[in-house]
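What follows is a single structure, written as structure tokens, with notes after it.
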Amino acid sequence: MKLYNTLTRKVEEFVPREKNVVRMYTCGPTVYHYAHIGNLRSYIMEDILEKTLMYNGYKVKRVMNITDVGHLSSDSDTGDDKMVSSAKKQHKTVLDIAKFYTEAFFNDFKKLNIKKPDIIEPATNLIDDYINLIKVLLEKGFAYFSGGNVYFDTSKLEDYYVLTNHKEDEMVVGVRQGVESDSNKKNQADFVLWFTKSKFEDQELKWESPWGLGYPGWHIECSCICMKHLGEYVDIHCGGVDNIFPHHTNEIAQSEAYLGHKWCNYWVHCEHLNDKNGKMSKSKGDFLTVSLLEEKGYNPLSYRLMCLQSHYRKQLVFSFENLDNAEQSYKKLKQRTLSLTDNGVLDENEFNNYKNLFLKFLNEDMNTSSALTVLYDVLKDGKLSDLTKKTLIKSFDSVLSLDLLTQTTVDKELEAYVEEKIKERQEAKKNKNYELADQIRNELKEKNIEIKDTREGTTWSLIK
């Protein structure tokens with residue numbers, strides 16, 4: 001299996017430290033708002049990676065953090081905490097906000113068939129761990145106390161920018177546009193490990209520490225959560241490309257200064273999802289969520305398919321036209337897979353040939369678009385029995401997770417509701433009230449019900 005490693009800036013063979021076990025860490029959400037579909041593209045990539053590893057026979061131990069404290073509104077050490085800002089706007093406590101949006105986040109996981117990590121750890125659970133790690137960094141001379149805060153001293157490292165391959169003066173402009181300078185720092189790249197009451201007096205969540213009442217910086221959280229559950233060595237660390245600097249850069253700095261050795265071997269990053277205006281971002285105020293796509297009548301798995309049709313290291317441009325195309329492709333694909341029977345004999349040679357080809361593409365830095373082509377080739381292969389095709393698709397879908405062989409059941413209550421709506425629509429059309437007829441069609445579509453007018457009458461089906 002080969003992966004592009006951000007650390008070495010090349011595609012290289014993946015070799016875990018343990019023969020059959022992979023220790024994998026993925027940066028989780030800051031739960032102050034709903035996740036937009038750009039965020040979720042990264043989690044789809046990480047899901048494919050984990051399932052590809054499992055398809056290769058590895059046992060994967062995956063850990064994810066939940067940032068419920070300490071994430072500032074800019075990439076610097078200034079600005080309001082995102083959790084605090086959200087709590088103020090909604091007149092709720094920070095922990096109430098965190099609980100609500102954490103549940104919403106994993107509800108999106110379920111809709112997109114993303115596997116939940118084995119271990120999910122909220123940042124607020126490990127305050128003592130952060131304090132202990134910071135104490136060690138201070139003792140080793142990698143940190144200092146200034147202006148009420150504890151900072152990491154980046155000048156003590158031989159290569160702070162190892163993950164970005166940049167020089168210090170190149171990283172100041174561009175990445176941190178509009179950032180205020182912090183006069184307490186010794187060096188412009190230094191970052192906060194612990195904030196005290198000298199800053200952000202309105203911070204709701206604070207804890208006692210050797211440096212005063214305060215709270216941890218954002219970066220320290222992932223290092224401690226990762227080390228607590230995965231130990232001193234990690235095989236793969238994932239995230240979006242916007243995490244490379246400063247977040248992952250700072251994680252490497254503090255973790256390796258603390259441990260005294262290399263921490264993580266492979267860094268895997270997913271490119272942005274862009275719209276016509278550029279990178280999709282919560283800060284713009286208007287962003288697309290999975291729920292919004294559902295309200296517009298789309299199946300969330302159509303968005304998953306759209307992501308799989310592109311390589312995770314390429315920027316993906318979102319438009320409703322592109323999503324419409326993915327939706328149509330998904331419907332046709334599902335229709336073809338569900339039409340397969342259990343007839344025929346399983347051809348084990350052809351099964352192994354196609355499975356190996358599918359795995360070959362997945363193992364080429366997760367080439368999901370080519371892996372999908374293998375799926376279509378299976379469906380088109382006239383020499384294969386339905387049973388062989390069905391068995392292959394079941395195998396492929398353990399990674400693709402598109403519910404290709406899942407027949408959605410309809411309960412009687414829903415069936416009665418749809419039939420009643422169809423009658424209402426027929427009556428509206430009879431009375432030439434086409435506006436009402438269209439309104440009923442749209443109402444059904446929002447509930448994932450598609451209706452078709454035929455010579456024999458109106459038929460309906462579930463979109464998913």
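To be explicit about the labels: the chains of the structure tokens are called A, B, and onward in the order shown, and within each one the residues are counted from 1, while ligands get numbers from 1 in the order they are shown.
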Near-A:Asn184 list (9 Å; only C-alpha atoms; drop same-chain fewer than 4 positions) as a PyMOL selection string: chain A and resi 145-149+151
For C-alpha atoms, I'd like the residues from the last selection saved as a short mmCIF file (atom, residue, chain, number, x, y, z; two decimals), in the first residue's frame.
```
data_model
loop_
_atom_site.label_atom_id
_atom_site.label_comp_id
_atom_site.auth_asym_id
_atom_site.auth_seq_id
_atom_site.Cartn_x
_atom_site.Cartn_y
_atom_site.Cartn_z
CA PHE A 145 6.29 31.76 30.81
CA SER A 146 5.58 35.28 29.57
CA GLY A 147 2.80 37.81 30.10
CA GLY A 148 0.65 35.30 31.95
CA ASN A 149 0.87 32.56 29.31
CA TYR A 151 4.63 29.53 25.16
#
```
Helix (DSSP H, G or I) per DSSP on the backbone: members of stretch 318-412 of chain A, as a ChimeraX atom specification: /A:320-338,348-362,368-380,386-400,412
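Residue nearest A:Pro29 within the list A:Leu405, A:Leu444, A:Ala104, A:Leu133: A:Ala104 [criterion: smallest interatomic distance, only C-alpha atoms].
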Closest contacts (stretch 272-317 of chain A/stretch 47-61 of chain A, max 12 Å, only C-alpha atoms) as a tab-separated table:
```
residue	atom	partner	partner_atom	distance
A:Arg304	CA	A:Ile48	CA	10.5
A:Leu305	CA	A:Ile48	CA	11.7
A:Cys307	CA	A:Ile48	CA	10.7
A:Leu308	CA	A:Ile48	CA	9.0
A:His311	CA	A:Ile48	CA	11.5
A:Tyr312	CA	A:Ile48	CA	10.1
```
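Here atom CA of A:Tyr258 stands at a distance of 8.1 Å from atom CA of A:Lys140.
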Using only C-alpha atoms: which of A:Asn353, A:Ser223, A:Ser42, A:Thr124 has the shortest distance to A:His248: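 Once distances to A:His248 are computed over only C-alpha atoms, the minimum belongs to A:Ser223.
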12 Å contact set for A:Tyr376, only C-alpha atoms, chain neighbours under 5 positions out, as a PyMOL selection string: chain A and resi 329-330+332-334+336-337+354+358+369-371+381-382+389+392-393+396
Would you mind exporting C-alpha atoms of the selected residues as a PDB file, in the first residue's frame?
```
ATOM      1  CA  SER A 329     -25.036   8.320 -11.250  1.00  0.00           C
ATOM      2  CA  TYR A 330     -25.804   7.038  -7.774  1.00  0.00           C
ATOM      3  CA  LYS A 332     -28.476   4.378 -11.758  1.00  0.00           C
ATOM      4  CA  LEU A 333     -25.729   2.515  -9.941  1.00  0.00           C
ATOM      5  CA  LYS A 334     -28.030   1.526  -7.114  1.00  0.00           C
ATOM      6  CA  ARG A 336     -28.276  -1.832 -11.352  1.00  0.00           C
ATOM      7  CA  THR A 337     -26.846  -3.371  -8.205  1.00  0.00           C
ATOM      8  CA  TYR A 354     -11.456  -8.198  -9.848  1.00  0.00           C
ATOM      9  CA  PHE A 358      -9.910  -3.037  -6.965  1.00  0.00           C
ATOM     10  CA  SER A 369     -12.014   6.998  -9.072  1.00  0.00           C
ATOM     11  CA  SER A 370     -10.196   4.047 -10.665  1.00  0.00           C
ATOM     12  CA  ALA A 371     -11.566   1.731  -7.970  1.00  0.00           C
ATOM     13  CA  ASP A 381     -18.986  -7.966 -17.636  1.00  0.00           C
ATOM     14  CA  GLY A 382     -21.412 -10.263 -19.463  1.00  0.00           C
ATOM     15  CA  LYS A 389     -21.160  -9.693  -9.408  1.00  0.00           C
ATOM     16  CA  LEU A 392     -17.827  -8.612  -5.620  1.00  0.00           C
ATOM     17  CA  ILE A 393     -20.005  -5.560  -5.031  1.00  0.00           C
ATOM     18  CA  PHE A 396     -16.124  -3.460  -2.701  1.00  0.00           C
TER      19      PHE A 396
END
```
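Of the listed residues A:Lys10, A:Pro122, A:Thr93, A:Arg41, the one whose atoms come nearest to A:Leu316 is A:Arg41, with distances taken using only C-alpha atoms.
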Residue among A:Thr391, A:Thr454, A:Thr8, A:Gln426 lying closest to A:Arg441, counting only C-alpha atoms: A:Gln426
Point-to-point distance from atom CA of A:Lys390 to atom CA of A:Phe351, Å rounded to tenths: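 That distance, rounded to one decimal, is 10.2 Å.
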